[in-house]
Structures are given as C-alpha cells and as structure tokens.
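Structure below is input_3.txt: compact mmCIF, C-alpha atoms and all ligand atoms.
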```
# COMPACT_ATOMS: atom_id res chain seq x y z
CA MET A 111 -13.20 -14.70 -6.37
CA GLU A 112 -14.59 -12.73 -9.29
CA LEU A 113 -12.00 -10.35 -10.79
CA SER A 114 -14.23 -7.26 -10.38
CA GLN A 115 -14.67 -8.00 -6.70
CA ALA A 116 -10.91 -8.07 -6.16
CA LEU A 117 -10.44 -4.91 -8.25
CA TYR A 118 -13.09 -2.94 -6.41
CA THR A 119 -12.41 -4.06 -2.85
CA THR A 120 -8.61 -4.30 -2.71
CA ARG A 121 -7.58 -1.34 -0.63
CA ALA A 122 -5.30 -0.43 2.24
CA MET A 123 -6.23 -3.08 4.82
CA ARG A 124 -3.77 -2.09 7.53
CA ARG A 125 -5.50 -3.58 10.56
CA VAL A 126 -4.79 -7.31 10.61
CA THR A 127 -4.56 -10.17 13.08
CA THR A 128 -1.35 -11.91 14.13
CA GLU A 129 -2.37 -15.16 12.39
CA PRO A 130 0.61 -16.25 10.29
CA ILE A 131 0.43 -16.55 6.53
CA SER A 132 1.62 -19.93 5.27
CA ASP A 133 4.56 -20.41 2.93
CA GLU A 134 2.17 -22.03 0.49
CA ILE A 135 0.08 -18.87 0.27
CA MET A 136 3.13 -16.60 0.03
CA ALA A 137 4.38 -18.75 -2.85
CA LYS A 138 1.01 -18.33 -4.59
CA LEU A 139 1.05 -14.55 -4.11
CA LEU A 140 4.57 -14.16 -5.48
CA ASP A 141 3.78 -16.51 -8.33
CA ALA A 142 0.92 -14.17 -9.27
CA ALA A 143 3.18 -11.11 -8.85
CA VAL A 144 5.84 -12.31 -11.28
CA ARG A 145 3.23 -12.80 -14.04
CA ALA A 146 2.96 -8.99 -14.19
CA PRO A 147 4.31 -6.92 -17.08
CA SER A 148 7.71 -5.23 -16.90
CA GLY A 149 9.47 -2.91 -19.36
CA GLY A 150 11.09 -5.10 -22.03
CA ASN A 151 10.05 -8.11 -19.94
CA THR A 152 13.26 -7.52 -17.98
CA GLN A 153 11.61 -8.64 -14.72
CA LYS A 154 14.09 -6.60 -12.73
CA TRP A 155 12.57 -7.17 -9.36
CA ARG A 156 13.56 -8.74 -6.07
CA PHE A 157 11.36 -9.53 -3.09
CA LEU A 158 12.18 -10.22 0.53
CA ILE A 159 9.62 -11.90 2.80
CA LEU A 160 10.09 -10.91 6.43
CA THR A 161 8.49 -12.63 9.42
CA ASP A 162 11.41 -12.39 11.88
CA GLN A 163 10.10 -10.86 15.12
CA ALA A 164 13.27 -9.01 16.15
CA LYS A 165 13.57 -7.37 12.75
CA LYS A 166 9.88 -6.45 12.66
CA THR A 167 10.21 -4.89 16.12
CA ALA A 168 13.16 -2.78 14.97
CA LEU A 169 11.27 -1.75 11.82
CA GLN A 170 8.20 -0.75 13.83
CA LYS A 171 10.26 1.82 15.76
CA ILE A 172 11.69 3.26 12.54
CA TYR A 173 8.29 3.30 10.82
CA SER A 174 6.60 4.96 13.78
CA GLU A 175 9.23 7.72 13.93
CA ALA A 176 8.96 8.22 10.17
CA LEU A 177 5.18 8.64 10.37
CA THR A 178 5.41 11.09 13.28
CA ASP A 179 7.93 13.08 11.25
CA LEU A 180 5.74 12.99 8.12
CA ASN A 181 2.67 14.13 10.07
CA ALA A 182 4.64 17.10 11.40
CA THR A 183 5.86 18.13 7.94
CA GLN A 184 4.36 16.95 4.65
CA TYR A 185 1.03 15.88 6.19
CA LYS A 186 0.72 18.92 8.49
CA PRO A 187 -2.21 20.39 6.50
CA MET A 188 -4.08 17.10 7.07
CA MET A 189 -3.25 17.16 10.76
CA ASP A 190 -4.53 20.75 10.96
CA LEU A 191 -7.72 19.69 9.20
CA ILE A 192 -8.22 16.92 11.76
CA ALA A 193 -7.60 19.34 14.65
CA ASN A 194 -9.63 22.30 13.36
CA GLY A 195 -11.99 21.01 10.66
CA ASP A 196 -15.74 20.50 11.02
CA PRO A 197 -16.04 17.00 12.55
CA ASN A 198 -19.21 16.42 10.49
CA ASP A 199 -17.56 17.27 7.17
CA PRO A 200 -17.22 14.02 5.15
CA GLU A 201 -13.72 15.04 4.02
CA VAL A 202 -12.61 15.54 7.64
CA ILE A 203 -14.16 12.20 8.59
CA GLN A 204 -12.29 10.46 5.75
CA VAL A 205 -8.96 12.10 6.64
CA LYS A 206 -9.43 11.06 10.28
CA LYS A 207 -10.09 7.46 9.25
CA THR A 208 -6.98 7.35 7.07
CA TYR A 209 -4.91 8.92 9.85
CA ALA A 210 -6.19 6.40 12.43
CA SER A 211 -5.53 3.49 10.11
CA GLY A 212 -2.02 4.73 9.27
CA ARG A 213 -1.26 5.28 12.94
CA TRP A 214 -2.51 1.80 13.80
CA LEU A 215 -0.04 0.34 11.34
CA ALA A 216 2.80 2.45 12.73
CA ASP A 217 1.98 1.35 16.28
CA ASN A 218 1.52 -2.32 15.36
CA LEU A 219 3.89 -3.04 12.49
CA ASP A 220 5.72 -5.57 14.66
CA LYS A 221 2.46 -7.57 15.04
CA VAL A 222 1.72 -7.74 11.32
CA PRO A 223 2.56 -11.35 10.40
CA THR A 224 4.39 -10.76 7.12
CA LEU A 225 6.17 -7.79 5.58
CA LEU A 226 7.17 -8.02 1.95
CA PHE A 227 9.92 -5.75 0.64
CA ALA A 228 10.29 -5.08 -3.08
CA TRP A 229 13.21 -3.80 -5.13
CA GLY A 230 13.38 -2.50 -8.67
CA LYS A 231 16.10 -1.15 -10.89
CA PRO A 232 17.20 2.49 -11.12
CA ASN A 233 15.31 4.26 -13.93
CA GLY A 234 12.98 1.30 -14.41
CA GLU A 235 11.54 1.37 -10.94
CA SER A 236 7.92 1.72 -11.95
CA SER A 237 7.98 -1.84 -13.32
CA ILE A 238 7.63 -3.07 -9.78
CA PHE A 239 4.16 -1.60 -9.22
CA PRO A 240 2.12 -3.80 -11.59
CA ALA A 241 3.72 -6.81 -9.86
CA LEU A 242 2.90 -5.48 -6.41
CA TRP A 243 -0.66 -4.68 -7.41
CA SER A 244 -1.07 -8.20 -8.82
CA LEU A 245 0.21 -9.54 -5.51
CA GLN A 246 -2.28 -7.38 -3.62
CA LEU A 247 -5.17 -8.57 -5.80
CA ALA A 248 -4.08 -12.19 -5.38
CA ALA A 249 -3.91 -11.61 -1.62
CA THR A 250 -7.49 -10.32 -1.59
CA ALA A 251 -8.59 -13.52 -3.33
CA GLU A 252 -6.95 -15.46 -0.47
CA GLY A 253 -8.72 -13.34 2.17
CA ILE A 254 -5.49 -11.55 3.06
CA GLY A 255 -5.39 -7.79 3.61
CA THR A 256 -2.46 -5.79 2.29
CA SER A 257 -1.21 -2.23 2.30
CA LEU A 258 1.44 -0.81 0.05
CA THR A 259 3.82 1.47 1.92
CA THR A 260 6.80 3.59 0.91
CA LEU A 261 7.32 5.53 4.14
CA LEU A 262 10.39 3.53 5.24
CA PHE A 263 12.19 4.58 2.06
CA LYS A 264 11.73 8.31 2.45
CA LYS A 265 14.43 9.11 5.02
CA HIS A 266 15.47 5.81 6.62
CA THR A 267 16.49 3.78 3.62
CA GLN A 268 20.02 2.83 4.68
CA GLN A 269 18.93 1.90 8.20
CA VAL A 270 16.25 -0.40 6.77
CA LEU A 271 18.58 -1.94 4.19
CA ASP A 272 21.17 -2.67 6.89
CA LEU A 273 18.50 -4.37 8.96
CA LEU A 274 17.46 -6.52 6.01
CA GLY A 275 21.04 -7.34 5.03
CA ALA A 276 20.27 -5.76 1.65
CA PRO A 277 22.74 -3.99 -0.65
CA ALA A 278 23.04 -0.20 -0.57
CA VAL A 279 20.98 1.63 -3.18
CA GLY A 280 22.71 1.13 -6.51
CA GLU A 281 22.02 -1.82 -8.72
CA TRP A 282 18.82 -2.42 -6.76
CA VAL A 283 16.49 0.29 -5.46
CA PRO A 284 14.06 -0.49 -2.62
CA MET A 285 10.61 0.60 -3.77
CA ALA A 286 8.02 -0.48 -1.24
CA MET A 287 7.03 -2.60 1.70
CA ILE A 288 3.71 -4.43 1.59
CA THR A 289 2.12 -5.45 4.84
CA LEU A 290 0.12 -8.68 4.81
CA GLY A 291 -2.27 -10.26 7.29
CA TYR A 292 -5.80 -11.52 7.82
CA PRO A 293 -7.95 -8.38 8.16
CA THR A 294 -9.92 -7.47 11.24
CA GLY A 295 -12.33 -5.35 9.19
CA LYS A 296 -14.60 -5.90 6.22
CA TRP A 297 -13.79 -5.46 2.55
CA GLY A 298 -15.60 -2.49 1.06
CA VAL A 299 -15.56 -0.68 -2.26
CA ALA A 300 -12.97 2.09 -2.19
CA LYS A 301 -14.40 5.63 -2.33
CA ARG A 302 -12.69 7.61 -5.06
CA GLN A 303 -13.16 10.55 -7.38
CA GLN A 304 -15.43 9.38 -10.18
CA PRO A 305 -13.73 8.49 -13.48
CA HIS A 306 -15.37 11.29 -15.51
CA GLU A 307 -13.91 13.79 -13.03
CA VAL A 308 -10.35 12.72 -13.80
CA ALA A 309 -10.53 11.73 -17.49
CA PHE A 310 -10.46 13.80 -20.70
CA GLN A 311 -11.43 12.91 -24.25
CA GLU A 312 -9.25 13.56 -27.32
CA THR A 313 -7.79 16.82 -25.94
CA TRP A 314 -6.53 17.69 -22.48
CA GLY A 315 -9.32 19.47 -20.60
CA ASN A 316 -12.09 18.19 -22.89
CA PRO A 317 -14.64 16.27 -20.78
CA VAL A 318 -15.62 12.71 -21.58
CA SER A 319 -19.16 12.23 -22.91
CA TRP A 320 -20.25 9.95 -20.08
CA THR A 321 -20.53 10.09 -16.30
CA VAL A 322 -20.32 7.39 -13.66
CA ASP A 323 -22.23 8.44 -10.57
CA GLN A 324 -21.81 5.23 -8.58
CA PRO A 325 -19.14 2.50 -8.68
CA LEU A 326 -20.12 0.10 -11.49
CA TRP A 327 -19.60 -2.92 -9.25
CA PRO A 328 -21.38 -4.73 -7.62
C1 LIG A 401 2.88 4.70 -3.93
C2 LIG A 401 2.07 4.51 -2.66
C3 LIG A 401 2.70 4.73 -1.43
C4 LIG A 401 1.99 4.52 -0.24
N1 LIG A 401 2.64 4.65 0.96
C5 LIG A 401 1.97 4.38 2.10
C6 LIG A 401 2.66 4.38 3.34
O1 LIG A 401 3.88 4.62 3.41
N2 LIG A 401 1.97 4.08 4.47
C7 LIG A 401 0.63 3.76 4.42
O2 LIG A 401 0.05 3.48 5.48
N3 LIG A 401 -0.05 3.74 3.26
C8 LIG A 401 0.60 4.02 2.10
N4 LIG A 401 -0.07 3.94 0.91
C9 LIG A 401 -1.50 3.55 0.89
C10 LIG A 401 -2.41 4.76 0.64
O3 LIG A 401 -2.42 5.58 1.76
C11 LIG A 401 -3.81 4.23 0.30
O4 LIG A 401 -3.73 3.55 -0.92
C12 LIG A 401 -4.83 5.34 0.19
O5 LIG A 401 -4.97 6.03 1.40
C13 LIG A 401 -6.19 4.82 -0.23
O6 LIG A 401 -6.66 3.96 0.77
P1 LIG A 401 -7.91 2.98 0.51
O7 LIG A 401 -7.54 2.13 -0.64
O8 LIG A 401 -8.06 2.19 1.77
O9 LIG A 401 -9.10 3.81 0.21
C14 LIG A 401 0.62 4.13 -0.29
C15 LIG A 401 0.00 3.92 -1.53
C16 LIG A 401 0.73 4.09 -2.70
C17 LIG A 401 0.04 3.80 -4.02
```

Take the structure in this file and express it as structure tokens.
Amino acid sequence: MELSQALYTTRAMRRVTTEPISDEIMAKLLDAAVRAPSGGNTQKWRFLILTDQAKKTALQKIYSEALTDLNATQYKPMMDLIANGDPNDPEVIQVKKTYASGRWLADNLDKVPTLLFAWGKPNGESSIFPALWSLQLAATAEGIGTSLTTLLFKKHTQQVLDLLGAPAVGEWVPMAMITLGYPTGKWGVAKRQQPHEVAFQETWGNPVSWTVDQPLWP
C-alpha cells in the first residue's frame, strides 16, 4: 500500500468481524511498531496481545461501564447535542456517528479478535504513541482496522491490570489498548480541521501563507 493511502485512511475502525488475526500478522505489526522513535532510543515499551475469550468478556463489561460513566460526565455536552441538536447539522451528524461507533465497541469488545495493550515508562510515556501509530499504519496495510483507546485506564486501571496479570502502575505505566480486527466498513479519508486552520507561521497567531481546502490525497 502507498504510504499516503495509509496515512490518510487510517482512522478509528471500531466495527470489525470476529475473524482471527494470525500470529504471523501480529508479529509483522509489532515488528513495525518497534522501529518507531523513542526518547534517547530507550525503547521503554511493553506490549501484551490478548485473544483470550474469558478475559475479553470481563474487559467488555468494564469498558462498557466506563463509557456509560464518561458519557454521563465528561462527554455530557456531546450527549446533550445528540439529544437536542438539529439532526441535519453536520456537526450533530458527526457526533452521532462517533457516539454510535464508540458504543458499538463498548457493546462488542469481547467479539473483537485481538486487543493489544501497551505500556510506557513514567515521565516518558509519550514515546509509546509513535510506536502505536506505526502499528496502526502497518495494520491498515494488512487490511486490519484498529482503534486506539485509553478509556480503560481512566478509572479502572488496577482492575484491568489484575485481569492481565500486569504489575501495578510504577515502573511500567499502561498507556493504551488498541483494538484490531478485519473491518466491516470501508476505509475513507478522515475529516479534520484543515491544516491552515491549526498552524501558525513564525509567531503564534500569525497565519500561514497557504490554505488547503481539500485533503491533498488522493
Ligand atoms: C489518545 C487517544 C485516546 C483515545 N481513546 C479512545 C477511547 O478510549 N475509545 C475510543 O473508542 N476511541 C478512542 N480514541 C479514538 C478517537 O476517538 C478517534 O481517533 C477520533 O474520534 C477520530 O476518529 P476518526 O479517525 O475515525 O475520524 C482515542 C484516540 C486517541 C488519539
């Protein structure tokens, strides 16, 4: 797959089939992940591949509760927008789609074939994200949909770590869970704010001299 295609179409593909992902492909994805940069090349990361049904079932319950809780608190403004907003407003339509996709994952996490957990080090945690993004891009090239999630590590960290037989937060900090599976939907270019709307030139607040009105790929 062409690099630009992977860059432009890799997005939260939460709805996937139950078709398993082979060990060979998981090895390829992790091999791509560990090529990523890390501060001082310390490579302080650990990954745990989970396919065990009983553990996924237990995680689904935790994840679902966590999402319900989040929707009632931090995401309440979005829930209000869905309930009261103009159903023809593109922003409302987009929020509804994201909500439905997130809810699907919460309701079906146990059916997602592979969950990948990732740890980093305290104070150097951000080094994990280039590796995870590389893994997600490599997954796209293999026709595998991924979504990066952090919800399980907001309020339920210890419960999740116990389930995974992982050490308590200390030397290692759990950073994310990536869901992986063969997507039921199509790959499309992610809709985003345009780059000139979020970039400055030379001085904060000074607009760049160019605009990009449409994604530059394909
Ligand atoms: C740091 C981070 C944390 C995220 N946590 C979650 C999560 O817990 N659950 C989830 O369903 N999606 C999560 N996402 C995915 C975002 O919701 C997704 O990237 C965003 O809605 C854009 O979706 P799109 O790429 O399909 O357009 C997370 C993404 C990032 C970068």

Ser211 in chain A surroundings by all atoms listed in the file, 12 Å radius, close-in-sequence under 2 positions cut, as an mmCIF file with C-alpha atoms, keeping the file's coordinate frame:
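Result went into out32.cif, see below:
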```
data_model
loop_
_atom_site.group_PDB
_atom_site.id
_atom_site.type_symbol
_atom_site.label_atom_id
_atom_site.label_comp_id
_atom_site.auth_asym_id
_atom_site.auth_seq_id
_atom_site.Cartn_x
_atom_site.Cartn_y
_atom_site.Cartn_z
ATOM 1 C CA ARG A 121 -7.580 -1.340 -0.630
ATOM 2 C CA ALA A 122 -5.300 -0.430 2.240
ATOM 3 C CA MET A 123 -6.230 -3.080 4.820
ATOM 4 C CA ARG A 124 -3.770 -2.090 7.530
ATOM 5 C CA ARG A 125 -5.500 -3.580 10.560
ATOM 6 C CA VAL A 126 -4.790 -7.310 10.610
ATOM 7 C CA LEU A 177 5.180 8.640 10.370
ATOM 8 C CA GLN A 204 -12.290 10.460 5.750
ATOM 9 C CA VAL A 205 -8.960 12.100 6.640
ATOM 10 C CA LYS A 206 -9.430 11.060 10.280
ATOM 11 C CA LYS A 207 -10.090 7.460 9.250
ATOM 12 C CA THR A 208 -6.980 7.350 7.070
ATOM 13 C CA TYR A 209 -4.910 8.920 9.850
ATOM 14 C CA ARG A 213 -1.260 5.280 12.940
ATOM 15 C CA TRP A 214 -2.510 1.800 13.800
ATOM 16 C CA LEU A 215 -0.040 0.340 11.340
ATOM 17 C CA ALA A 216 2.800 2.450 12.730
ATOM 18 C CA ASP A 217 1.980 1.350 16.280
ATOM 19 C CA ASN A 218 1.520 -2.320 15.360
ATOM 20 C CA LEU A 219 3.890 -3.040 12.490
ATOM 21 C CA SER A 257 -1.210 -2.230 2.300
ATOM 22 C CA THR A 294 -9.920 -7.470 11.240
ATOM 23 C CA GLY A 295 -12.330 -5.350 9.190
#
```

* Which is closer to Leu242 in chain A than all the others in A:Thr161, A:Ser148, A:Thr178, A:Gln269, using all atoms listed in the file? ->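 Checking each of A:Thr161, A:Ser148, A:Thr178, A:Gln269 against Leu242 in chain A, counting all atoms listed in the file, the winner is A:Ser148.
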
Listed atoms of ligand LIG 401 (chain A) boxed axis-aligned with 3 Å per side, centre + edges as JSON:
```
{"center_x": -2.6, "center_y": 4.1, "center_z": 0.7, "size_x": 19.0, "size_y": 9.9, "size_z": 15.5}
```

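In this comparison, which uses only C-alpha atoms and all ligand atoms, the residue of A:Leu326, A:Ala251, A:Ala168, A:Leu117 approaching ligand LIG 401 (chain A) most closely is A:Leu117.
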
* Can you tell me, as a PyMOL selection string, what residues are no more than 10 Å from Ile172 in chain A when counting all atoms listed in the file, ignoring any on the same chain fewer than 6 positions away? -> chain A and resi 166+216+261-262+265-266+269-270

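Distance check against Phe227 in chain A using all atoms listed in the file: of A:Lys138, A:Arg145, A:His306, A:Arg156, the minimum falls on A:Arg156.
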
* Asked: Can you tell me, as number ranges by chain, what residues are no more than 12 Å from Gln303 in chain A when counting all atoms listed in the file, ignoring any on the same chain fewer than 4 positions away?
  -> A: 307-309, 321-325

* Structure fact -> A straight line from CA of Leu160 in chain A to CA of Leu226 in chain A spans 6.1 Å

* Nearest candidate to ligand LIG 401 (chain A) (options A:Gly298, A:Gly234, A:Gly255, A:Gly212; using all atoms listed in the file) ->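 The answer is A:Gly212, which sits nearest to ligand LIG 401 (chain A).
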